[in-house]
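Colleague: If it helps, the file is called data.cif and holds mmCIF, N, CA, C and O atoms:
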```
data_structure
#
loop_
_atom_site.label_atom_id
_atom_site.label_comp_id
_atom_site.auth_asym_id
_atom_site.auth_seq_id
_atom_site.Cartn_x
_atom_site.Cartn_y
_atom_site.Cartn_z
N GLY E 1 110.51 94.86 81.05
CA GLY E 1 109.32 94.03 81.18
C GLY E 1 108.27 94.70 82.05
O GLY E 1 108.60 95.50 82.92
N VAL E 2 107.02 94.35 81.82
CA VAL E 2 105.92 94.90 82.61
C VAL E 2 105.49 93.85 83.62
O VAL E 2 105.21 92.72 83.25
N SER E 3 105.46 94.25 84.89
CA SER E 3 105.05 93.28 85.91
C SER E 3 103.53 93.10 85.88
O SER E 3 102.80 94.03 85.60
N ALA E 4 103.10 91.91 86.20
CA ALA E 4 101.66 91.61 86.17
C ALA E 4 100.97 92.31 87.33
O ALA E 4 101.57 92.52 88.39
N GLY E 5 99.71 92.66 87.14
CA GLY E 5 98.93 93.28 88.22
C GLY E 5 99.33 94.71 88.44
O GLY E 5 100.15 95.01 89.30
N SER E 6 98.80 95.62 87.65
CA SER E 6 99.15 97.03 87.80
C SER E 6 98.38 97.64 88.95
O SER E 6 97.22 97.33 89.17
N GLY E 7 99.05 98.51 89.70
CA GLY E 7 98.40 99.21 90.81
C GLY E 7 98.41 98.37 92.07
O GLY E 7 98.42 97.15 92.01
N PRO E 8 98.41 99.04 93.21
CA PRO E 8 98.42 98.30 94.49
C PRO E 8 97.08 97.65 94.73
O PRO E 8 96.05 98.21 94.37
N PRO E 9 97.08 96.46 95.33
CA PRO E 9 95.79 95.83 95.63
C PRO E 9 95.05 96.62 96.70
O PRO E 9 95.66 97.17 97.61
N ALA E 10 93.75 96.71 96.56
CA ALA E 10 92.95 97.45 97.54
C ALA E 10 92.87 96.64 98.83
O ALA E 10 92.69 95.43 98.78
N PRO E 11 93.03 97.29 99.97
CA PRO E 11 92.90 96.53 101.23
C PRO E 11 91.48 96.01 101.38
O PRO E 11 90.54 96.65 100.94
N PRO E 12 91.32 94.84 101.98
CA PRO E 12 89.97 94.28 102.11
C PRO E 12 89.06 95.20 102.91
O PRO E 12 89.49 95.83 103.87
N GLY E 13 87.81 95.28 102.49
CA GLY E 13 86.84 96.08 103.23
C GLY E 13 86.89 97.55 102.90
O GLY E 13 86.16 98.34 103.49
N SER E 14 87.75 97.96 101.96
CA SER E 14 87.85 99.39 101.68
C SER E 14 86.85 99.82 100.61
O SER E 14 86.56 100.98 100.48
N ARG E 15 86.33 98.84 99.85
CA ARG E 15 85.41 99.19 98.77
C ARG E 15 84.01 99.40 99.31
O ARG E 15 83.50 98.58 100.06
N ALA E 16 83.40 100.51 98.93
CA ALA E 16 82.00 100.72 99.31
C ALA E 16 81.15 99.77 98.49
O ALA E 16 81.42 99.56 97.33
N PRO E 17 80.11 99.20 99.11
CA PRO E 17 79.27 98.28 98.34
C PRO E 17 78.53 99.04 97.24
O PRO E 17 78.06 100.14 97.47
N SER E 18 78.45 98.45 96.08
CA SER E 18 77.72 99.10 95.00
C SER E 18 76.23 98.87 95.23
O SER E 18 75.85 97.88 95.85
N PRO E 19 75.39 99.76 94.75
CA PRO E 19 73.94 99.60 94.97
C PRO E 19 73.43 98.23 94.53
O PRO E 19 72.66 97.61 95.23
N SER E 20 73.91 97.74 93.38
CA SER E 20 73.39 96.46 92.90
C SER E 20 73.79 95.32 93.84
O SER E 20 73.03 94.39 94.03
N ALA E 21 74.97 95.43 94.45
CA ALA E 21 75.40 94.37 95.36
C ALA E 21 74.57 94.41 96.64
O ALA E 21 74.15 93.38 97.15
N ALA E 22 74.32 95.60 97.16
CA ALA E 22 73.54 95.72 98.39
C ALA E 22 72.10 95.28 98.15
O ALA E 22 71.51 94.61 98.98
N ALA E 23 71.56 95.64 96.99
CA ALA E 23 70.19 95.26 96.68
C ALA E 23 70.06 93.76 96.45
O ALA E 23 68.96 93.24 96.35
N ALA E 24 71.20 93.07 96.37
CA ALA E 24 71.16 91.62 96.18
C ALA E 24 70.45 90.93 97.34
O ALA E 24 69.96 89.83 97.19
N MET E 25 70.39 91.59 98.50
CA MET E 25 69.66 91.00 99.63
C MET E 25 68.17 90.88 99.31
O MET E 25 67.46 90.13 99.94
N LEU E 26 67.70 91.67 98.35
CA LEU E 26 66.33 91.52 97.88
C LEU E 26 66.28 90.65 96.63
O LEU E 26 65.21 90.27 96.18
N GLY E 27 67.45 90.39 96.05
CA GLY E 27 67.49 89.60 94.83
C GLY E 27 67.00 90.38 93.62
O GLY E 27 66.44 89.81 92.70
N VAL E 28 67.21 91.71 93.64
CA VAL E 28 66.83 92.52 92.49
C VAL E 28 67.97 93.44 92.11
O VAL E 28 68.81 93.78 92.95
N ALA E 29 68.00 93.84 90.86
CA ALA E 29 68.92 94.88 90.41
C ALA E 29 68.08 96.09 90.07
O ALA E 29 67.03 95.96 89.42
N VAL E 30 68.49 97.26 90.55
CA VAL E 30 67.69 98.46 90.35
C VAL E 30 68.54 99.59 89.77
O VAL E 30 69.76 99.60 89.91
N VAL E 31 67.87 100.51 89.11
CA VAL E 31 68.50 101.73 88.62
C VAL E 31 67.62 102.90 89.05
O VAL E 31 66.47 102.71 89.46
N ASP E 32 68.18 104.11 88.98
CA ASP E 32 67.36 105.28 89.29
C ASP E 32 66.21 105.37 88.30
O ASP E 32 66.39 105.17 87.10
N ALA E 33 65.00 105.66 88.81
CA ALA E 33 63.84 105.84 87.94
C ALA E 33 63.81 107.28 87.44
O ALA E 33 64.51 108.15 87.97
N GLU E 34 62.99 107.54 86.41
CA GLU E 34 62.87 108.90 85.89
C GLU E 34 62.32 109.82 86.98
O GLU E 34 62.72 110.96 87.13
N LYS E 35 61.33 109.31 87.72
CA LYS E 35 60.77 110.03 88.86
C LYS E 35 61.41 109.43 90.11
O LYS E 35 62.13 108.44 90.01
N PRO E 36 61.16 110.01 91.29
CA PRO E 36 61.72 109.41 92.50
C PRO E 36 61.35 107.93 92.60
O PRO E 36 60.23 107.54 92.32
N GLY E 37 62.34 107.14 93.00
CA GLY E 37 62.12 105.71 93.14
C GLY E 37 63.28 104.94 92.55
O GLY E 37 64.19 105.50 91.96
N ALA E 38 63.23 103.62 92.73
CA ALA E 38 64.26 102.73 92.19
C ALA E 38 63.57 101.74 91.27
O ALA E 38 62.72 100.96 91.71
N ARG E 39 63.93 101.78 89.98
CA ARG E 39 63.28 100.91 89.00
C ARG E 39 63.96 99.54 88.98
O ARG E 39 65.18 99.45 88.88
N VAL E 40 63.15 98.50 89.06
CA VAL E 40 63.65 97.13 89.02
C VAL E 40 63.96 96.76 87.57
O VAL E 40 63.09 96.84 86.71
N VAL E 41 65.22 96.40 87.31
CA VAL E 41 65.61 96.00 85.96
C VAL E 41 65.88 94.50 85.87
O VAL E 41 65.98 93.95 84.79
N GLU E 42 66.00 93.87 87.02
CA GLU E 42 66.25 92.42 87.03
C GLU E 42 65.75 91.85 88.33
O GLU E 42 65.94 92.44 89.40
N VAL E 43 65.08 90.72 88.26
CA VAL E 43 64.61 90.01 89.46
C VAL E 43 65.19 88.61 89.42
O VAL E 43 64.98 87.88 88.45
N HIS E 44 65.94 88.26 90.45
CA HIS E 44 66.54 86.93 90.50
C HIS E 44 65.52 85.94 91.06
O HIS E 44 64.89 86.21 92.08
N ALA E 45 65.35 84.82 90.35
CA ALA E 45 64.45 83.78 90.84
C ALA E 45 65.27 82.51 91.03
O ALA E 45 66.00 82.12 90.13
N PRO E 46 65.20 81.85 92.17
CA PRO E 46 64.41 82.30 93.32
C PRO E 46 65.11 83.44 94.05
O PRO E 46 66.32 83.59 93.96
N GLY E 47 64.34 84.22 94.78
CA GLY E 47 64.90 85.32 95.56
C GLY E 47 63.79 86.03 96.29
O GLY E 47 62.62 85.89 95.95
N PRO E 48 64.15 86.81 97.32
CA PRO E 48 63.13 87.49 98.14
C PRO E 48 62.23 88.43 97.33
O PRO E 48 61.03 88.48 97.55
N GLY E 49 62.82 89.17 96.39
CA GLY E 49 62.02 90.09 95.59
C GLY E 49 61.02 89.36 94.71
O GLY E 49 59.86 89.75 94.58
N HIS E 50 61.49 88.25 94.12
CA HIS E 50 60.63 87.43 93.26
C HIS E 50 59.50 86.85 94.08
O HIS E 50 58.34 86.85 93.66
N THR E 51 59.83 86.35 95.28
CA THR E 51 58.82 85.77 96.16
C THR E 51 57.78 86.82 96.55
O THR E 51 56.59 86.53 96.65
N ALA E 52 58.25 88.05 96.75
CA ALA E 52 57.34 89.13 97.16
C ALA E 52 56.41 89.56 96.03
O ALA E 52 55.38 90.18 96.28
N GLY E 53 56.80 89.26 94.79
CA GLY E 53 55.96 89.63 93.67
C GLY E 53 56.51 90.76 92.83
O GLY E 53 55.81 91.29 91.96
N LEU E 54 57.76 91.16 93.07
CA LEU E 54 58.36 92.21 92.25
C LEU E 54 58.59 91.70 90.84
O LEU E 54 58.97 90.54 90.65
N VAL E 55 58.35 92.56 89.86
CA VAL E 55 58.62 92.21 88.48
C VAL E 55 59.41 93.34 87.84
O VAL E 55 59.41 94.48 88.34
N ARG E 56 60.08 93.02 86.73
CA ARG E 56 60.84 94.04 86.00
C ARG E 56 59.92 95.19 85.63
O ARG E 56 58.80 94.98 85.18
N GLY E 57 60.43 96.40 85.84
CA GLY E 57 59.64 97.57 85.50
C GLY E 57 58.96 98.20 86.70
O GLY E 57 58.55 99.35 86.66
N ASP E 58 58.82 97.43 87.79
CA ASP E 58 58.28 98.00 89.02
C ASP E 58 59.22 99.08 89.53
O ASP E 58 60.43 98.98 89.39
N VAL E 59 58.65 100.12 90.14
CA VAL E 59 59.46 101.16 90.76
C VAL E 59 59.20 101.11 92.27
O VAL E 59 58.05 101.27 92.72
N LEU E 60 60.26 100.88 93.03
CA LEU E 60 60.15 100.84 94.49
C LEU E 60 60.09 102.26 95.03
O LEU E 60 60.95 103.09 94.72
N LEU E 61 59.06 102.54 95.82
CA LEU E 61 58.85 103.88 96.36
C LEU E 61 59.16 103.96 97.85
O LEU E 61 59.67 104.97 98.33
N THR E 62 58.85 102.90 98.58
CA THR E 62 59.22 102.86 100.00
C THR E 62 59.72 101.46 100.34
O THR E 62 59.34 100.47 99.71
N PHE E 63 60.59 101.42 101.35
CA PHE E 63 61.14 100.17 101.85
C PHE E 63 61.05 100.23 103.36
O PHE E 63 61.73 101.04 103.99
N ASP E 64 60.13 99.44 103.93
CA ASP E 64 59.97 99.41 105.38
C ASP E 64 59.70 100.80 105.93
O ASP E 64 60.23 101.20 106.97
N GLY E 65 58.90 101.58 105.20
CA GLY E 65 58.52 102.91 105.67
C GLY E 65 59.49 104.02 105.26
O GLY E 65 59.16 105.20 105.39
N ALA E 66 60.66 103.64 104.77
CA ALA E 66 61.64 104.66 104.34
C ALA E 66 61.38 105.02 102.88
O ALA E 66 61.18 104.14 102.05
N ARG E 67 61.39 106.32 102.59
CA ARG E 67 61.14 106.76 101.23
C ARG E 67 62.35 106.45 100.35
O ARG E 67 63.49 106.69 100.75
N ILE E 68 62.08 105.93 99.17
CA ILE E 68 63.14 105.58 98.23
C ILE E 68 63.09 106.56 97.06
O ILE E 68 62.10 106.61 96.33
N ASP E 69 64.15 107.35 96.89
CA ASP E 69 64.20 108.30 95.79
C ASP E 69 65.13 107.84 94.67
O ASP E 69 65.09 108.36 93.57
N SER E 70 66.00 106.88 94.99
CA SER E 70 67.01 106.47 94.01
C SER E 70 67.46 105.04 94.32
O SER E 70 67.14 104.49 95.37
N ALA E 71 68.23 104.49 93.39
CA ALA E 71 68.78 103.15 93.59
C ALA E 71 69.68 103.14 94.84
O ALA E 71 69.70 102.17 95.59
N ALA E 72 70.42 104.23 95.06
CA ALA E 72 71.31 104.30 96.23
C ALA E 72 70.51 104.30 97.53
O ALA E 72 70.92 103.70 98.52
N ASP E 73 69.34 104.98 97.52
CA ASP E 73 68.48 104.96 98.71
C ASP E 73 68.04 103.54 99.04
O ASP E 73 68.04 103.13 100.20
N LEU E 74 67.67 102.79 98.00
CA LEU E 74 67.24 101.42 98.23
C LEU E 74 68.38 100.60 98.79
O LEU E 74 68.21 99.84 99.75
N ALA E 75 69.58 100.76 98.21
CA ALA E 75 70.73 100.01 98.68
C ALA E 75 70.99 100.29 100.15
O ALA E 75 71.27 99.38 100.94
N ARG E 76 70.87 101.57 100.54
CA ARG E 76 71.10 101.96 101.93
C ARG E 76 70.06 101.31 102.83
O ARG E 76 70.37 100.76 103.88
N ALA E 77 68.79 101.37 102.41
CA ALA E 77 67.71 100.81 103.23
C ALA E 77 67.84 99.30 103.36
O ALA E 77 67.68 98.75 104.45
N VAL E 78 68.15 98.64 102.25
CA VAL E 78 68.30 97.18 102.29
C VAL E 78 69.47 96.81 103.19
O VAL E 78 69.41 95.85 103.94
N GLY E 79 70.54 97.61 103.11
CA GLY E 79 71.72 97.32 103.91
C GLY E 79 71.47 97.42 105.40
O GLY E 79 72.14 96.79 106.20
N GLN E 80 70.46 98.23 105.78
CA GLN E 80 70.15 98.40 107.21
C GLN E 80 69.10 97.41 107.68
O GLN E 80 68.84 97.30 108.87
N ALA E 81 68.48 96.70 106.74
CA ALA E 81 67.43 95.76 107.10
C ALA E 81 68.01 94.52 107.77
O ALA E 81 69.14 94.14 107.50
N GLU E 82 67.22 93.94 108.63
CA GLU E 82 67.63 92.69 109.28
C GLU E 82 67.22 91.53 108.37
O GLU E 82 66.03 91.35 108.13
N PRO E 83 68.18 90.75 107.86
CA PRO E 83 67.80 89.61 107.03
C PRO E 83 66.84 88.70 107.78
O PRO E 83 67.03 88.45 108.96
N GLY E 84 65.80 88.27 107.10
CA GLY E 84 64.84 87.36 107.71
C GLY E 84 63.64 88.06 108.33
O GLY E 84 62.69 87.39 108.72
N GLU E 85 63.66 89.40 108.44
CA GLU E 85 62.51 90.12 108.99
C GLU E 85 61.64 90.64 107.86
O GLU E 85 62.13 91.16 106.87
N GLU E 86 60.32 90.50 108.04
CA GLU E 86 59.38 90.97 107.03
C GLU E 86 59.41 92.49 106.95
O GLU E 86 59.39 93.18 107.97
N ILE E 87 59.45 93.00 105.75
CA ILE E 87 59.35 94.44 105.53
C ILE E 87 58.29 94.68 104.45
O ILE E 87 57.97 93.79 103.67
N THR E 88 57.74 95.89 104.44
CA THR E 88 56.72 96.25 103.46
C THR E 88 57.33 97.14 102.40
O THR E 88 58.05 98.09 102.71
N LEU E 89 57.05 96.81 101.15
CA LEU E 89 57.51 97.62 100.02
C LEU E 89 56.29 98.26 99.37
O LEU E 89 55.25 97.61 99.24
N THR E 90 56.42 99.51 98.97
CA THR E 90 55.39 100.11 98.13
C THR E 90 55.98 100.23 96.74
O THR E 90 57.07 100.78 96.57
N VAL E 91 55.27 99.70 95.75
CA VAL E 91 55.76 99.74 94.38
C VAL E 91 54.73 100.38 93.47
O VAL E 91 53.53 100.34 93.74
N ARG E 92 55.24 100.98 92.41
CA ARG E 92 54.39 101.48 91.34
C ARG E 92 54.66 100.61 90.13
O ARG E 92 55.81 100.50 89.68
N HIS E 93 53.61 99.96 89.62
CA HIS E 93 53.78 99.09 88.47
C HIS E 93 53.84 99.93 87.19
O HIS E 93 53.41 101.08 87.17
N GLU E 94 54.37 99.32 86.13
CA GLU E 94 54.44 100.00 84.84
C GLU E 94 53.05 100.42 84.37
O GLU E 94 52.89 101.41 83.68
N SER E 95 52.03 99.68 84.79
CA SER E 95 50.65 99.99 84.41
C SER E 95 50.16 101.26 85.11
O SER E 95 49.13 101.81 84.75
N GLY E 96 50.91 101.71 86.14
CA GLY E 96 50.52 102.92 86.87
C GLY E 96 49.86 102.62 88.20
O GLY E 96 49.64 103.51 88.99
N GLY E 97 49.55 101.35 88.44
CA GLY E 97 48.92 100.98 89.70
C GLY E 97 49.94 100.88 90.82
O GLY E 97 51.13 100.63 90.59
N TYR E 98 49.47 101.09 92.04
CA TYR E 98 50.34 100.99 93.22
C TYR E 98 49.99 99.72 93.98
O TYR E 98 48.83 99.30 93.98
N GLN E 99 50.99 99.15 94.62
CA GLN E 99 50.75 97.93 95.39
C GLN E 99 51.71 97.88 96.57
O GLN E 99 52.84 98.36 96.46
N GLN E 100 51.23 97.32 97.67
CA GLN E 100 52.12 97.07 98.80
C GLN E 100 52.47 95.59 98.80
O GLN E 100 51.58 94.74 98.71
N LEU E 101 53.75 95.30 98.88
CA LEU E 101 54.22 93.92 98.89
C LEU E 101 54.98 93.67 100.19
O LEU E 101 55.56 94.58 100.76
N THR E 102 54.95 92.43 100.63
CA THR E 102 55.72 92.05 101.80
C THR E 102 56.91 91.22 101.35
O THR E 102 56.73 90.25 100.61
N ALA E 103 58.10 91.62 101.76
CA ALA E 103 59.31 90.90 101.38
C ALA E 103 60.08 90.52 102.64
O ALA E 103 59.96 91.18 103.67
N VAL E 104 60.85 89.47 102.52
CA VAL E 104 61.75 89.06 103.61
C VAL E 104 63.15 89.07 103.05
O VAL E 104 63.60 88.11 102.43
N PRO E 105 63.88 90.19 103.22
CA PRO E 105 65.25 90.25 102.70
C PRO E 105 66.09 89.12 103.27
O PRO E 105 65.99 88.81 104.45
N GLY E 106 66.90 88.53 102.43
CA GLY E 106 67.79 87.47 102.87
C GLY E 106 69.16 87.70 102.31
O GLY E 106 69.38 88.64 101.53
N LEU E 107 70.09 86.89 102.70
CA LEU E 107 71.42 86.97 102.14
C LEU E 107 71.45 86.09 100.90
O LEU E 107 71.38 84.88 101.00
N VAL E 108 71.48 86.74 99.74
CA VAL E 108 71.46 85.99 98.50
C VAL E 108 72.89 85.60 98.15
O VAL E 108 73.76 86.45 98.06
N THR E 109 73.12 84.31 97.99
CA THR E 109 74.47 83.85 97.71
C THR E 109 74.61 83.49 96.24
O THR E 109 73.63 83.20 95.59
#
```
Let me see the file written as structure tokens.
Modeller:
Amino acid sequence: GVSAGSGPPAPPGSRAPSPSAAAAMLGVAVVDAEKPGARVVEVHAPGPGHTAGLVRGDVLLTFDGARIDSAADLARAVGQAEPGEEITLTVRHESGGYQQLTAVPGLVT
């Protein structure tokens, strides 16, 4: 017979957070953009990113002054942010225009 549950269970806290999970504090899902940046592929409403004005297709270029080159960069920056504190995002819209948005990262449940 085959016992249920193959493989040992991972000890709690051993898994590194995935970029999409960390970015959940902004309420957005991002992927690496073709150029440096993190492209927004999903915006949760309600959520901090939605409130800030992020829309699908926006590419995040900076987060609170930190340069964002990839989805992992954004996850790292969001993970270091203090929930509830205002931060400034620089985004490039699909139209090619740039905009600065103010977001308040929170713990999205």
Colleague: Any idea what the distance is between CA of Thr102 in chain E and atom O of Arg39 in chain E?
Modeller: 17.6 Å
Colleague: From the set E:Leu101, E:Pro36, E:Arg56, E:Phe63, which residue has the shortest atom-to-atom contact distance to Gly79 in chain E, counting only C-alpha atoms?
Modeller: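 Selected residue with least distance to Gly79 in chain E: E:Phe63.
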Colleague: Got a sec to check which residues sit within 6 Å of (64.9, 89.4, 107.7), counting only C-alpha atoms, and write them as a list of chain:residue names?
Modeller: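 Here is the list of nearby residues: E:Glu82, E:Pro83, E:Gly84, E:Glu85, E:Glu86, E:Val104, E:Pro105, E:Gly106.
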Colleague: Measuring atom to atom with only C-alpha atoms, identify which of E:Arg76, E:Lys35, E:Arg67, E:His44 is nearest to Leu89 in chain E.
Modeller: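 Among the listed residues, E:Arg67 lies closest to Leu89 in chain E.
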Colleague: Of the residues E:Ala103, E:Val78, E:Val31, E:Ile68, which is the one nearest to Gly49 in chain E, using only N, CA, C and O atoms?
Modeller: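 Looking only at the distances to Gly49 in chain E, the closest residue turns out to be E:Ala103.
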Colleague: Using Å and a single decimal, report how far atom O of Thr88 in chain E sits from CA of Asp69 in chain E.
Modeller: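 Spanning CA of Asp69 in chain E to atom O of Thr88 in chain E is a straight-line distance of 13.8 Å.
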Colleague: To one decimal place, how far is atom O of Thr90 in chain E from atom N of Ala45 in chain E in Å?
Modeller: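 It comes out at 19.0 Å.
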Colleague: Hey, which of E:Ile87, E:Leu54, E:Ala29, E:Leu61 ends up closest to Val41 in chain E? Count only N, CA, C and O atoms.
Modeller: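 Answer, going by the shortest atom-to-atom distance: E:Ala29.
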Colleague: Ranking E:Val91, E:Ala71, E:Gly27, E:Glu34 by minimum distance to Val59 in chain E and counting only C-alpha atoms, which one comes first?
Modeller: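 Of the candidates, the smallest distance to Val59 in chain E is held by E:Val91.
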Colleague: Would you mind writing range 76-86 of chain E with all heavy atoms, as an mmCIF file, in the coordinates of the input?
Modeller:
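As written to disk, part-v3.cif reads:
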```cif
data_model
loop_
_atom_site.group_PDB
_atom_site.id
_atom_site.type_symbol
_atom_site.label_atom_id
_atom_site.label_comp_id
_atom_site.auth_asym_id
_atom_site.auth_seq_id
_atom_site.Cartn_x
_atom_site.Cartn_y
_atom_site.Cartn_z
ATOM 1 N N ARG E 76 70.870 101.570 100.540
ATOM 2 C CA ARG E 76 71.100 101.960 101.930
ATOM 3 C C ARG E 76 70.060 101.310 102.830
ATOM 4 O O ARG E 76 70.370 100.760 103.880
ATOM 5 C CB ARG E 76 71.036 103.487 102.037
ATOM 6 C CG ARG E 76 71.796 104.052 103.218
ATOM 7 C CD ARG E 76 71.850 105.579 103.161
ATOM 8 N NE ARG E 76 72.469 106.065 101.925
ATOM 9 C CZ ARG E 76 71.839 106.842 101.026
ATOM 10 N NH1 ARG E 76 70.599 107.217 101.204
ATOM 11 N NH2 ARG E 76 72.474 107.240 99.941
ATOM 12 N N ALA E 77 68.790 101.370 102.410
ATOM 13 C CA ALA E 77 67.710 100.810 103.230
ATOM 14 C C ALA E 77 67.840 99.300 103.360
ATOM 15 O O ALA E 77 67.680 98.750 104.450
ATOM 16 C CB ALA E 77 66.357 101.184 102.614
ATOM 17 N N VAL E 78 68.150 98.640 102.250
ATOM 18 C CA VAL E 78 68.300 97.180 102.290
ATOM 19 C C VAL E 78 69.470 96.810 103.190
ATOM 20 O O VAL E 78 69.410 95.850 103.940
ATOM 21 C CB VAL E 78 68.489 96.610 100.865
ATOM 22 C CG1 VAL E 78 68.847 95.132 100.917
ATOM 23 C CG2 VAL E 78 67.221 96.809 100.042
ATOM 24 N N GLY E 79 70.540 97.610 103.110
ATOM 25 C CA GLY E 79 71.720 97.320 103.910
ATOM 26 C C GLY E 79 71.470 97.420 105.400
ATOM 27 O O GLY E 79 72.140 96.790 106.200
ATOM 28 N N GLN E 80 70.460 98.230 105.780
ATOM 29 C CA GLN E 80 70.150 98.400 107.210
ATOM 30 C C GLN E 80 69.100 97.410 107.680
ATOM 31 O O GLN E 80 68.840 97.300 108.870
ATOM 32 C CB GLN E 80 69.662 99.834 107.458
ATOM 33 C CG GLN E 80 70.762 100.864 107.279
ATOM 34 C CD GLN E 80 70.224 102.289 107.247
ATOM 35 O OE1 GLN E 80 69.021 102.511 107.237
ATOM 36 N NE2 GLN E 80 71.124 103.251 107.218
ATOM 37 N N ALA E 81 68.480 96.700 106.740
ATOM 38 C CA ALA E 81 67.430 95.760 107.100
ATOM 39 C C ALA E 81 68.010 94.520 107.770
ATOM 40 O O ALA E 81 69.140 94.140 107.500
ATOM 41 C CB ALA E 81 66.644 95.359 105.849
ATOM 42 N N GLU E 82 67.220 93.940 108.630
ATOM 43 C CA GLU E 82 67.630 92.690 109.280
ATOM 44 C C GLU E 82 67.220 91.530 108.370
ATOM 45 O O GLU E 82 66.030 91.350 108.130
ATOM 46 C CB GLU E 82 66.909 92.540 110.626
ATOM 47 C CG GLU E 82 67.367 93.517 111.689
ATOM 48 C CD GLU E 82 68.758 93.192 112.192
ATOM 49 O OE1 GLU E 82 69.115 91.998 112.245
ATOM 50 O OE2 GLU E 82 69.488 94.133 112.527
ATOM 51 N N PRO E 83 68.180 90.750 107.860
ATOM 52 C CA PRO E 83 67.800 89.610 107.030
ATOM 53 C C PRO E 83 66.840 88.700 107.780
ATOM 54 O O PRO E 83 67.030 88.450 108.960
ATOM 55 C CB PRO E 83 69.125 88.907 106.753
ATOM 56 C CG PRO E 83 70.159 89.964 106.930
ATOM 57 C CD PRO E 83 69.632 90.884 107.999
ATOM 58 N N GLY E 84 65.800 88.270 107.100
ATOM 59 C CA GLY E 84 64.840 87.360 107.710
ATOM 60 C C GLY E 84 63.640 88.060 108.330
ATOM 61 O O GLY E 84 62.690 87.390 108.720
ATOM 62 N N GLU E 85 63.660 89.400 108.440
ATOM 63 C CA GLU E 85 62.510 90.120 108.990
ATOM 64 C C GLU E 85 61.640 90.640 107.860
ATOM 65 O O GLU E 85 62.130 91.160 106.870
ATOM 66 C CB GLU E 85 62.983 91.297 109.862
ATOM 67 C CG GLU E 85 63.493 90.854 111.215
ATOM 68 C CD GLU E 85 63.581 92.020 112.201
ATOM 69 O OE1 GLU E 85 63.050 93.105 111.910
ATOM 70 O OE2 GLU E 85 64.191 91.821 113.254
ATOM 71 N N GLU E 86 60.320 90.500 108.040
ATOM 72 C CA GLU E 86 59.380 90.970 107.030
ATOM 73 C C GLU E 86 59.410 92.490 106.950
ATOM 74 O O GLU E 86 59.390 93.180 107.970
ATOM 75 C CB GLU E 86 57.959 90.526 107.357
ATOM 76 C CG GLU E 86 57.654 89.124 106.939
ATOM 77 C CD GLU E 86 56.155 88.842 106.961
ATOM 78 O OE1 GLU E 86 55.366 89.720 107.332
ATOM 79 O OE2 GLU E 86 55.787 87.710 106.601
#
```
